Protein chains: 2
Amino acid sequence: MSETASRPTLEAVAARAGVSRATVSRVVNGGDGVREPLVERVRRAVEELGYVPNQAARSLVTKRHDAVAVVIAEPETRVFADPFFALQLRGISKELTAHDNQLVLLLTEGRDDHARVARYLAGGHVDGALVFSLHLDDPLPGLIRGAGIPTVFGGRPGWSDATLPGASGPAAVEGIPATAPAAYPAPAASGAGPTVYVDSDNRGGAREAVRHLVGLGRTRIAHITGALDQTSAVDRLDGFRDVMRDADPRLIVEGDFTPAGGERAMRELLDRCPDVDAVFAANDLSASGALRVLREQGRRVPEDVAVIGFDDMLIVAEQTDPPLTTVRQDIEEMGRLMARLLLRRLDRRTGHDPAEAPTSVVTPTTLVRRASA
Amino acid sequence: MSETASRPTLEAVAARAGVSRATVSRVVNGGDGVREPLVERVRRAVEELGYVPNQAARSLVTKRHDAVAVVIAEPETRVFADPFFALQLRGISKELTAHDNQLVLLLTEGRDDHARVARYLAGGHVDGALVFSLHLDDPLPGLIRGAGIPTVFGGRPGWSDATLPGASGPAAVEGIPATAPAAYPAPAASGAGPTVYVDSDNRGGAREAVRHLVGLGRTRIAHITGALDQTSAVDRLDGFRDVMRDADPRLIVEGDFTPAGGERAMRELLDRCPDVDAVFAANDLSASGALRVLREQGRRVPEDVAVIGFDDMLIVAEQTDPPLTTVRQDIEEMGRLMARLLLRRLDRRTGHDPAEAPTSVVTPTTLVRRASA
DNA sequence: ATCCACGGCGAGAGCGCTCTCTCGGCGCCG
DNA sequence: CGGCGCCGAGAGAGCGCTCTCGCCGTGGAT
């Protein structure tokens, strides 16, 4: 039962140190305006009693929580197939920890669950939110903005307010609509500020991959797209088009980020264009599917057909035969950036530096050369 | 600024409904002991004002937080290589959500970080903890038990109090020490109750895999172990030994759960015992490494050498050549179970049913037959 | 020497909720 | 028909903290 012997309060510390509650509070929160000898006395008392501030009581008056929600709205599939979110979480966790913030994880279980998440965020239990929602038609981002809570998105959300910053060049290539098939208008911002997101340079990375293939002397370069309801897939396709402006449209075939989709697409590709001599797949998973079909059909990689993936998902890229050349993104760093952006925004709220609105960040990618191209 | 117009309080709802704060509180918390007409009036007021209870204020008086911590103490490697934790998190999240509990995620960043986590848990910010710590020499479980907070472990922790329940048969095979190389004594329980964990039936699953190989008529069956500082690896080894009591010791070779480790082990195996006709690898990753070496050395799978893995990690098992026969565990269900066990324990705390201490659970595994065995 | 300014510290008022205690009203038993 | 018990509702006391105020002591200016 001694476990139930409730933990010491400010009062107790004050008594032991022979000062008032207010003074202990001051010391605990930085110690400004308290003279050295007292600070020392209070510190000792805190130490001796093993005092830990009661966060609930503190929040009650400050209205801050030092907690941030991380919302992952991926319907099953992708989250659990690759370490993407795990790595982002790690980055986020590091940054939050460094600033004494807690991470509250919210996973949505199907569409109906969005309301629950929105309610939670609007309920003022956390100071801000980091939101992953990769699908263009996902209502969640809208709901969240409606909740009026500072938010940073992971990956570019699919509305028009959130177009790519300059770094990535023109958004459309002649004749072909470059952007999302189903982009919908930005939800009204209700004091939550402009849309801020962190995304990797999908378009630039795609360009680099395709240019590499061009540099290899390939001329019949194909693209297996990702699921085109996700901005990352759209951006990678745009990057492909940036370089292959006059590409044979039959060389672009729709995949879905899965190995099976990659297989299907590769079959179709070989069928339509037997002379294909290179493939840029929208991710490593579909590249691995393509690889399998190529092998099965007796095409040598990279001699006959060069293959490049995207993501540098080690568990796949290093294990394929041959090992996969691919585009790497620093996923953990992206997570860290998201957290940093959000925290900065929260800081500002408390009246720091009202100027200089935080802005979206696009992180660079690098081409990792292995054997497949 | 209207966003800052602080959210309505109980007081406001009470005023609008024309009742007292206490009554509103009762309704919000289930509505027992309030007559129907009033309940209805209050509900409407809540609805109209968009009232959401202030969790901080509530916690302050109830000393409950309706939040549990999930601690993942994996030093880098495994967490982010496979979807294991992601799936567990999903299961946990589902169960917690169903009971209106929040999930606070704590990832440790290196050894020095354990103290931080322990302090947080001891600080009474959450009602309980779900802890993943797979390494036998990890100090964290000890620290956490010291914190005196109700805890359920994911995977059997490596101390003696936490031996496998009956379901799994004898813990040792004649002559050979069956248990952990470095098991250390259970930390003193300080009111946190006995060690409770959820683990899959590693040992039983291993037995089933090996028996399957025996049933195939294989006689020279080898085992590539996992990293033996983890109980799962030890248990799988024990399961192997249960069936192969008189196994040639050279047929057991140490791996580390990685593809590279699998390759290394397989080479050594072929070197030592060229007549090997089956391999049970401690997980799919090392099985995939083994598979590659076998192919490279011209052994046909499964004709010459049958191979079985463990985990049914789809991204690997379905993509190997040939697809991998393996042992599946219901990882999401394990997560759900962990959460359920913890919540039940927390319930009990509030004086429900002091009898019947919750006990560890070992979840069943199933053999998934594909082409490799 | 007197006054004022200022910095250090204590007193006390809540933050929004829960929960106990009390009181009033009604049904029921004798 | 009167009293007792019980149920439904309100009043009010905190939970542990922060923060504003005001007091007091010190030091510099006059």
# chains A, B, ... in the order shown; residues from 1 in each chain; ligands from 1
>>> residues_around(residues="D:DA11", least_positions_apart="5", cutoff="9 Å", atoms="only C-alpha atoms (C1' of nucleotides)", output="VMD selection string")
(chain B and resid 20) or (chain C and resid 21 to 22)
>>> write_last_selection(atoms="N, CA, C and O atoms (P, O5', C5', C4', C3', O3' and C1' of nucleotides)", output="CSV table (one decimal), in the first residue's frame")
chain,number,residue,atom,x,y,z
B,20,SER,N,-27.4,21.6,-11.7
B,20,SER,CA,-26.1,21.9,-11.0
B,20,SER,C,-24.9,21.2,-11.8
B,20,SER,O,-25.1,20.3,-12.6
C,21,DC,P,-18.9,11.9,3.5
C,21,DC,O5',-19.7,13.1,4.0
C,21,DC,C5',-19.3,14.5,3.6
C,21,DC,C4',-20.5,15.4,3.6
C,21,DC,C3',-21.8,14.9,4.4
C,21,DC,O3',-22.1,16.0,5.3
C,21,DC,C1',-22.4,15.4,2.2
C,22,DT,P,-23.3,15.8,6.4
C,22,DT,O5',-24.4,16.7,5.8
C,22,DT,C5',-24.1,17.9,5.1
C,22,DT,C4',-25.3,18.3,4.4
C,22,DT,C3',-26.7,18.1,5.1
C,22,DT,O3',-27.5,19.3,5.1
C,22,DT,C1',-26.8,17.2,2.9
>>> select_by_dssp(residues="stretch 214-373 of chain A", states="helix (DSSP H, G or I)", output="PyMOL selection string")
chain A and resi 214-215+231-243+249-251+259-272+284-296+314-317+331-349
>>> interface_residues(of="chain A", to="chain D", cutoff="7 Å", atoms="only C-alpha atoms (C1' of nucleotides)", output="NGL selection string")
:A and (9 or 54 or 57-58 or 61-62)
>>> closest_atom_pairs(of="chain B", to="chain C", cutoff="12 Å", atoms="only C-alpha atoms (C1' of nucleotides)", output="CSV")
residue,atom,partner,partner_atom,distance
B:Ser6,CA,C:DG16,C1',11.8
B:Arg7,CA,C:DG16,C1',10.9
B:Pro8,CA,C:DG16,C1',10.0
B:Thr9,CA,C:DG16,C1',6.7
B:Leu10,CA,C:DG16,C1',7.3
B:Glu11,CA,C:DG16,C1',8.5
B:Ala12,CA,C:DG16,C1',10.9
B:Arg21,CA,C:DC17,C1',9.2
B:Ala22,CA,C:DT18,C1',8.1
B:Thr23,CA,C:DT18,C1',11.0
B:Val24,CA,C:DC17,C1',10.9
B:Ser25,CA,C:DT18,C1',7.7
B:Arg26,CA,C:DT18,C1',9.2
B:Val28,CA,C:DT18,C1',11.5
B:Asn29,CA,C:DT18,C1',10.2
B:Val52,CA,C:DG16,C1',11.2
B:Pro53,CA,C:DC17,C1',8.3
B:Asn54,CA,C:DG16,C1',6.7
B:Gln55,CA,C:DC17,C1',8.5
B:Ala56,CA,C:DG16,C1',8.2
B:Ala57,CA,C:DC17,C1',4.9
B:Arg58,CA,C:DC17,C1',5.0
B:Ser59,CA,C:DC17,C1',8.3
B:Leu60,CA,C:DC17,C1',7.8
B:Val61,CA,C:DT18,C1',6.1
B:Thr62,CA,C:DT18,C1',6.9
B:Lys63,CA,C:DT18,C1',10.5
B:Arg64,CA,C:DT18,C1',11.7
>>> closest_residue(among="A:Gly204, A:Gly261, A:Gly31, A:Gly123", to="chain B", atoms="only C-alpha atoms")
A:Gly123
>>> atom_distance(atom1="atom CA of A:Val361", atom2="atom CA of A:Ile92")
15.1 Å
>>> residues_around(residues="A:Ala17", least_positions_apart="6", cutoff="12 Å", atoms="only C-alpha atoms (C1' of nucleotides)", output="JSON list (two decimals) with all heavy atoms, in the first residue's frame")
[["chain", "number", "residue", "atom", "x", "y", "z"],
["A", 10, "LEU", "N", 3.85, 20.08, -4.33],
["A", 10, "LEU", "CA", 4.59, 21.33, -4.20],
["A", 10, "LEU", "C", 4.62, 21.77, -2.75],
["A", 10, "LEU", "O", 5.65, 22.19, -2.21],
["A", 10, "LEU", "CB", 3.89, 22.43, -4.98],
["A", 10, "LEU", "CG", 4.48, 22.94, -6.28],
["A", 10, "LEU", "CD1", 3.97, 24.33, -6.54],
["A", 10, "LEU", "CD2", 5.99, 22.97, -6.18],
["A", 11, "GLU", "N", 3.47, 21.69, -2.15],
["A", 11, "GLU", "CA", 3.29, 22.05, -0.75],
["A", 11, "GLU", "C", 4.34, 21.37, 0.13],
["A", 11, "GLU", "O", 5.01, 22.02, 0.94],
["A", 11, "GLU", "CB", 1.89, 21.57, -0.32],
["A", 11, "GLU", "CG", 1.44, 22.06, 1.01],
["A", 11, "GLU", "CD", 0.94, 23.51, 0.93],
["A", 11, "GLU", "OE1", 0.11, 23.77, 0.05],
["A", 11, "GLU", "OE2", 1.41, 24.34, 1.72],
["A", 23, "THR", "N", 7.53, 29.94, -4.59],
["A", 23, "THR", "CA", 8.97, 29.88, -4.81],
["A", 23, "THR", "C", 9.39, 28.52, -5.37],
["A", 23, "THR", "O", 10.19, 28.45, -6.30],
["A", 23, "THR", "CB", 9.72, 30.15, -3.50],
["A", 23, "THR", "OG1", 9.40, 31.46, -3.06],
["A", 23, "THR", "CG2", 11.21, 30.04, -3.69],
["A", 24, "VAL", "N", 8.83, 27.48, -4.81],
["A", 24, "VAL", "CA", 9.16, 26.16, -5.34],
["A", 24, "VAL", "C", 8.76, 26.09, -6.81],
["A", 24, "VAL", "O", 9.51, 25.63, -7.65],
["A", 24, "VAL", "CB", 8.44, 25.05, -4.55],
["A", 24, "VAL", "CG1", 8.76, 23.69, -5.16],
["A", 24, "VAL", "CG2", 8.84, 25.09, -3.10],
["A", 27, "VAL", "N", 11.26, 27.80, -8.93],
["A", 27, "VAL", "CA", 12.50, 27.03, -9.10],
["A", 27, "VAL", "C", 12.29, 25.87, -10.07],
["A", 27, "VAL", "O", 13.08, 25.65, -10.99],
["A", 27, "VAL", "CB", 12.98, 26.48, -7.74],
["A", 27, "VAL", "CG1", 14.13, 25.49, -7.95],
["A", 27, "VAL", "CG2", 13.42, 27.62, -6.84],
["A", 37, "PRO", "N", 20.85, 30.91, -2.91],
["A", 37, "PRO", "CA", 20.76, 30.01, -1.74],
["A", 37, "PRO", "C", 19.41, 29.32, -1.67],
["A", 37, "PRO", "O", 19.33, 28.13, -1.37],
["A", 37, "PRO", "CB", 20.96, 30.96, -0.55],
["A", 37, "PRO", "CG", 20.80, 32.34, -1.09],
["A", 37, "PRO", "CD", 21.17, 32.28, -2.53],
["A", 38, "LEU", "N", 18.36, 30.05, -1.99],
["A", 38, "LEU", "CA", 17.03, 29.46, -1.95],
["A", 38, "LEU", "C", 16.87, 28.39, -3.03],
["A", 38, "LEU", "O", 16.34, 27.31, -2.79],
["A", 38, "LEU", "CB", 15.95, 30.53, -2.14],
["A", 38, "LEU", "CG", 15.48, 31.20, -0.87],
["A", 38, "LEU", "CD1", 14.12, 31.83, -1.09],
["A", 38, "LEU", "CD2", 15.39, 30.20, 0.26],
["A", 39, "VAL", "N", 17.33, 28.74, -4.22],
["A", 39, "VAL", "CA", 17.26, 27.78, -5.32],
["A", 39, "VAL", "C", 17.87, 26.45, -4.86],
["A", 39, "VAL", "O", 17.27, 25.38, -5.03],
["A", 39, "VAL", "CB", 18.03, 28.30, -6.56],
["A", 39, "VAL", "CG1", 18.15, 27.22, -7.60],
["A", 39, "VAL", "CG2", 17.36, 29.53, -7.12],
["A", 40, "GLU", "N", 19.00, 26.58, -4.26],
["A", 40, "GLU", "CA", 19.72, 25.39, -3.82],
["A", 40, "GLU", "C", 18.89, 24.60, -2.81],
["A", 40, "GLU", "O", 18.74, 23.38, -2.92],
["A", 40, "GLU", "CB", 21.07, 25.81, -3.22],
["A", 40, "GLU", "CG", 22.09, 24.70, -3.16],
["A", 40, "GLU", "CD", 22.02, 23.82, -4.41],
["A", 40, "GLU", "OE1", 22.05, 24.34, -5.54],
["A", 40, "GLU", "OE2", 21.89, 22.60, -4.23],
["A", 41, "ARG", "N", 18.36, 25.30, -1.85],
["A", 41, "ARG", "CA", 17.55, 24.63, -0.82],
["A", 41, "ARG", "C", 16.37, 23.89, -1.43],
["A", 41, "ARG", "O", 16.08, 22.75, -1.09],
["A", 41, "ARG", "CB", 17.00, 25.68, 0.17],
["A", 41, "ARG", "CG", 17.90, 25.98, 1.32],
["A", 41, "ARG", "CD", 17.24, 25.96, 2.71],
["A", 41, "ARG", "NE", 16.03, 26.71, 2.90],
["A", 41, "ARG", "CZ", 15.96, 28.02, 3.18],
["A", 41, "ARG", "NH1", 17.06, 28.75, 3.25],
["A", 41, "ARG", "NH2", 14.81, 28.59, 3.41],
["A", 42, "VAL", "N", 15.71, 24.58, -2.35],
["A", 42, "VAL", "CA", 14.53, 23.98, -2.98],
["A", 42, "VAL", "C", 14.95, 22.75, -3.79],
["A", 42, "VAL", "O", 14.34, 21.68, -3.69],
["A", 42, "VAL", "CB", 13.82, 25.00, -3.88],
["A", 42, "VAL", "CG1", 12.74, 24.31, -4.69],
["A", 42, "VAL", "CG2", 13.23, 26.10, -3.04],
["A", 43, "ARG", "N", 16.00, 22.90, -4.54],
["A", 43, "ARG", "CA", 16.47, 21.77, -5.36],
["A", 43, "ARG", "C", 16.72, 20.55, -4.48],
["A", 43, "ARG", "O", 16.39, 19.43, -4.85],
["A", 43, "ARG", "CB", 17.78, 22.15, -6.08],
["A", 43, "ARG", "CG", 17.61, 23.16, -7.17],
["A", 43, "ARG", "CD", 17.90, 22.53, -8.54],
["A", 43, "ARG", "NE", 17.26, 23.32, -9.61],
["A", 43, "ARG", "CZ", 17.80, 24.41, -10.15],
["A", 43, "ARG", "NH1", 18.99, 24.85, -9.74],
["A", 43, "ARG", "NH2", 17.16, 25.08, -11.08],
["A", 44, "ARG", "N", 17.33, 20.79, -3.35],
["A", 44, "ARG", "CA", 17.64, 19.67, -2.47],
["A", 44, "ARG", "C", 16.36, 19.01, -1.98],
["A", 44, "ARG", "O", 16.24, 17.79, -1.97],
["A", 44, "ARG", "CB", 18.51, 20.12, -1.30],
["A", 44, "ARG", "CG", 19.89, 19.52, -1.31],
["A", 44, "ARG", "CD", 20.54, 19.36, 0.06],
["A", 44, "ARG", "NE", 19.96, 20.15, 1.12],
["A", 44, "ARG", "CZ", 20.34, 21.39, 1.44],
["A", 44, "ARG", "NH1", 21.31, 21.98, 0.76],
["A", 44, "ARG", "NH2", 19.76, 22.00, 2.44],
["A", 45, "ALA", "N", 15.42, 19.86, -1.60],
["A", 45, "ALA", "CA", 14.14, 19.31, -1.11],
["A", 45, "ALA", "C", 13.45, 18.48, -2.19],
["A", 45, "ALA", "O", 12.94, 17.38, -1.93],
["A", 45, "ALA", "CB", 13.24, 20.45, -0.66],
["A", 46, "VAL", "N", 13.48, 19.01, -3.41],
["A", 46, "VAL", "CA", 12.88, 18.27, -4.53],
["A", 46, "VAL", "C", 13.54, 16.91, -4.65],
["A", 46, "VAL", "O", 12.88, 15.87, -4.76],
["A", 46, "VAL", "CB", 13.06, 19.05, -5.86],
["A", 46, "VAL", "CG1", 12.78, 18.15, -7.05],
["A", 46, "VAL", "CG2", 12.15, 20.27, -5.87],
["A", 47, "GLU", "N", 14.83, 16.95, -4.61],
["A", 47, "GLU", "CA", 15.62, 15.73, -4.76],
["A", 47, "GLU", "C", 15.26, 14.72, -3.67],
["A", 47, "GLU", "O", 14.95, 13.56, -3.93],
["A", 47, "GLU", "CB", 17.11, 16.11, -4.66],
["A", 47, "GLU", "CG", 18.05, 15.00, -5.07],
["A", 47, "GLU", "CD", 17.88, 14.71, -6.55],
["A", 47, "GLU", "OE1", 17.57, 15.66, -7.31],
["A", 47, "GLU", "OE2", 18.02, 13.54, -6.93],
["A", 48, "GLU", "N", 15.30, 15.21, -2.44],
["A", 48, "GLU", "CA", 15.08, 14.32, -1.30],
["A", 48, "GLU", "C", 13.70, 13.69, -1.30],
["A", 48, "GLU", "O", 13.54, 12.53, -0.93],
["A", 48, "GLU", "CB", 15.30, 15.10, 0.01],
["A", 48, "GLU", "CG", 16.74, 15.47, 0.25],
["A", 48, "GLU", "CD", 16.89, 16.51, 1.36],
["A", 48, "GLU", "OE1", 15.85, 16.97, 1.89],
["A", 48, "GLU", "OE2", 18.03, 16.86, 1.67],
["A", 49, "LEU", "N", 12.73, 14.47, -1.71],
["A", 49, "LEU", "CA", 11.36, 13.94, -1.68],
["A", 49, "LEU", "C", 11.01, 13.20, -2.97],
["A", 49, "LEU", "O", 9.98, 12.54, -3.06],
["A", 49, "LEU", "CB", 10.36, 15.08, -1.47],
["A", 49, "LEU", "CG", 10.46, 15.78, -0.12],
["A", 49, "LEU", "CD1", 9.53, 16.98, -0.08],
["A", 49, "LEU", "CD2", 10.11, 14.82, 0.99]]
>>> closest_atom_pairs(of="chain B", to="chain A", cutoff="9 Å", atoms="only C-alpha atoms", output="tab-separated table")
residue	atom	partner	partner_atom	distance
B:Met1	CA	A:Gly191	CA	7.6
B:Ser2	CA	A:Gly191	CA	8.6
B:Glu3	CA	A:Gly191	CA	6.7
B:Arg7	CA	A:Gly123	CA	8.5
B:Tyr51	CA	A:Gly123	CA	8.6
B:Val52	CA	A:Gly123	CA	5.8
B:Pro53	CA	A:Gly123	CA	7.8
B:Asn54	CA	A:His125	CA	7.7
B:Gln55	CA	A:His125	CA	7.0
B:Ala56	CA	A:Ala56	CA	4.5
B:Ala57	CA	A:Leu60	CA	5.7
B:Arg58	CA	A:Ala56	CA	8.3
B:Ser59	CA	A:Ala56	CA	6.1
B:Leu60	CA	A:Ala56	CA	5.5
B:Lys63	CA	A:Ala56	CA	9.0
B:His65	CA	A:Ala56	CA	8.7
B:Val79	CA	A:Ala86	CA	7.3
B:Phe80	CA	A:Pro83	CA	5.2
B:Ala81	CA	A:Pro83	CA	6.1
B:Asp82	CA	A:Pro83	CA	6.4
B:Pro83	CA	A:Phe80	CA	5.2
B:Phe84	CA	A:Phe80	CA	8.1
B:Phe85	CA	A:Ala86	CA	8.4
B:Ala86	CA	A:Phe80	CA	5.8
B:Leu87	CA	A:Phe80	CA	6.3
B:Leu89	CA	A:Leu107	CA	8.7
B:Arg90	CA	A:Leu107	CA	7.1
B:Ser93	CA	A:Leu107	CA	6.7
B:Lys94	CA	A:Glu109	CA	7.4
B:Thr97	CA	A:Leu106	CA	8.9
B:Gln102	CA	A:Val104	CA	7.0
B:Leu103	CA	A:Leu105	CA	5.6
B:Val104	CA	A:Val104	CA	4.5
B:Leu105	CA	A:Leu103	CA	5.6
B:Leu106	CA	A:Leu103	CA	7.3
B:Leu107	CA	A:Ser93	CA	6.7
B:Thr108	CA	A:Lys94	CA	8.7
B:Glu109	CA	A:Lys94	CA	7.4
B:Arg119	CA	A:Val52	CA	8.8
B:Ala122	CA	A:Val52	CA	8.8
B:Gly123	CA	A:Val52	CA	5.9
B:Gly124	CA	A:Asn54	CA	7.8
B:His125	CA	A:Gln55	CA	7.0
B:Gly148	CA	A:Glu3	CA	7.0
B:Ser190	CA	A:Glu3	CA	7.5
B:Gly191	CA	A:Glu3	CA	6.5
B:Ala192	CA	A:Glu3	CA	8.9
B:Pro259	CA	A:Gln319	CA	8.2
B:Leu285	CA	A:Ile315	CA	8.6
B:Ser288	CA	A:Gln319	CA	8.4
B:Gly289	CA	A:Gln319	CA	8.4
B:Met313	CA	A:Ala81	CA	8.9
B:Leu314	CA	A:Ala81	CA	7.9
B:Ile315	CA	A:Ala81	CA	6.6
B:Val316	CA	A:Val316	CA	8.0
B:Gln319	CA	A:Pro259	CA	8.2
B:Thr320	CA	A:Thr320	CA	8.9
>>> write_last_selection(atoms="C-alpha atoms", output="compact mmCIF listing (two decimals), in the first residue's frame")
# COMPACT_ATOMS: atom_id res chain seq x y z
CA MET B 1 -9.38 34.89 -31.90
CA SER B 2 -12.74 33.17 -31.60
CA GLU B 3 -10.71 30.03 -31.59
CA ARG B 7 -14.17 25.83 -24.64
CA TYR B 51 -18.81 20.47 -24.55
CA VAL B 52 -15.75 18.26 -24.15
CA PRO B 53 -14.58 17.41 -20.64
CA ASN B 54 -11.24 18.81 -19.65
CA GLN B 55 -9.13 15.76 -19.08
CA ALA B 56 -6.57 17.62 -16.99
CA ALA B 57 -9.14 18.79 -14.50
CA ARG B 58 -10.63 15.37 -14.36
CA SER B 59 -7.31 13.64 -13.82
CA LEU B 60 -6.43 16.08 -11.14
CA LYS B 63 -5.90 10.44 -10.32
CA HIS B 65 -5.44 9.40 -16.75
CA VAL B 79 11.94 -2.19 -34.78
CA PHE B 80 12.43 -0.59 -38.08
CA ALA B 81 13.27 -3.57 -40.15
CA ASP B 82 10.00 -5.35 -39.76
CA PRO B 83 6.36 -4.60 -39.23
CA PHE B 84 6.28 -6.41 -35.95
CA PHE B 85 5.87 -3.40 -33.72
CA ALA B 86 3.61 -1.65 -36.14
CA LEU B 87 1.19 -4.54 -36.00
CA LEU B 89 0.71 -1.10 -32.01
CA ARG B 90 -2.33 -1.48 -34.16
CA SER B 93 -4.46 0.93 -30.30
CA LYS B 94 -7.68 -0.83 -31.18
CA THR B 97 -9.50 3.07 -28.21
CA GLN B 102 -4.93 7.07 -24.97
CA LEU B 103 -1.67 5.65 -26.16
CA VAL B 104 1.49 7.49 -25.18
CA LEU B 105 4.42 6.20 -27.16
CA LEU B 106 7.86 6.14 -25.63
CA LEU B 107 10.80 5.08 -27.74
CA THR B 108 14.13 4.82 -26.04
CA GLU B 109 17.13 6.34 -27.73
CA ARG B 119 11.12 8.59 -14.46
CA ALA B 122 7.09 6.65 -12.11
CA GLY B 123 5.88 10.21 -12.49
CA GLY B 124 2.30 9.06 -12.61
CA HIS B 125 1.44 10.49 -15.98
CA GLY B 148 5.59 0.41 -9.31
CA SER B 190 6.95 -3.23 -5.59
CA GLY B 191 3.22 -3.50 -5.61
CA ALA B 192 3.16 -3.84 -9.36
CA PRO B 259 19.50 -11.98 -43.73
CA LEU B 285 14.79 -12.84 -42.59
CA SER B 288 15.77 -15.64 -46.86
CA GLY B 289 19.53 -15.36 -46.43
CA MET B 313 6.58 -11.62 -42.47
CA LEU B 314 4.68 -11.25 -45.70
CA ILE B 315 6.98 -8.82 -47.33
CA VAL B 316 9.69 -11.47 -47.12
CA GLN B 319 8.60 -12.70 -52.09
CA THR B 320 11.36 -15.25 -51.70
>>> select_by_dssp(residues="stretch 15-229 of chain B", states="strand (DSSP E or B)", output="ChimeraX atom specification")
/B:67-72,102-107,128-132,135,151-154,159,173,176,184,197-200,221-224
>>> residues_around(residues="B:Arg328", least_positions_apart="6", cutoff="6 Å", atoms="only C-alpha atoms (C1' of nucleotides)", output="ChimeraX atom specification")
/B:311-312,365-366
>>> write_last_selection(atoms="C-alpha atoms", output="PDB file, in the first residue's frame")
ATOM      1  CA  ASP B 311       7.088 -14.926 -38.327  1.00  0.00           C
ATOM      2  CA  ASP B 312       5.290 -15.025 -41.658  1.00  0.00           C
ATOM      3  CA  THR B 365       1.114 -20.182 -33.868  1.00  0.00           C
ATOM      4  CA  THR B 366       0.194 -21.816 -37.129  1.00  0.00           C
TER       5      THR B 366
END
>>> residues_around(residues="A:Gly91", least_positions_apart="3", cutoff="8 Å", atoms="only C-alpha atoms (C1' of nucleotides)", output="MDAnalysis selection string")
chainID A and resid 87:88 94:95 331:337
>>> residues_around(residues="A:Val305", least_positions_apart="2", cutoff="6 Å", atoms="only C-alpha atoms (C1' of nucleotides)", output="MDAnalysis selection string")
chainID A and resid 277:278 301:303
>>> write_last_selection(atoms="C-alpha atoms", output="CSV table (one decimal), in the first residue's frame")
chain,number,residue,atom,x,y,z
A,277,ASP,CA,15.1,-1.2,-71.9
A,278,ALA,CA,14.6,0.5,-68.5
A,301,VAL,CA,18.9,-7.0,-65.3
A,302,PRO,CA,20.5,-4.6,-65.8
A,303,GLU,CA,21.9,-5.7,-69.2
>>> atom_distance(atom1="atom CA of A:Asp100", atom2="atom CA of A:Leu343")
10.6 Å
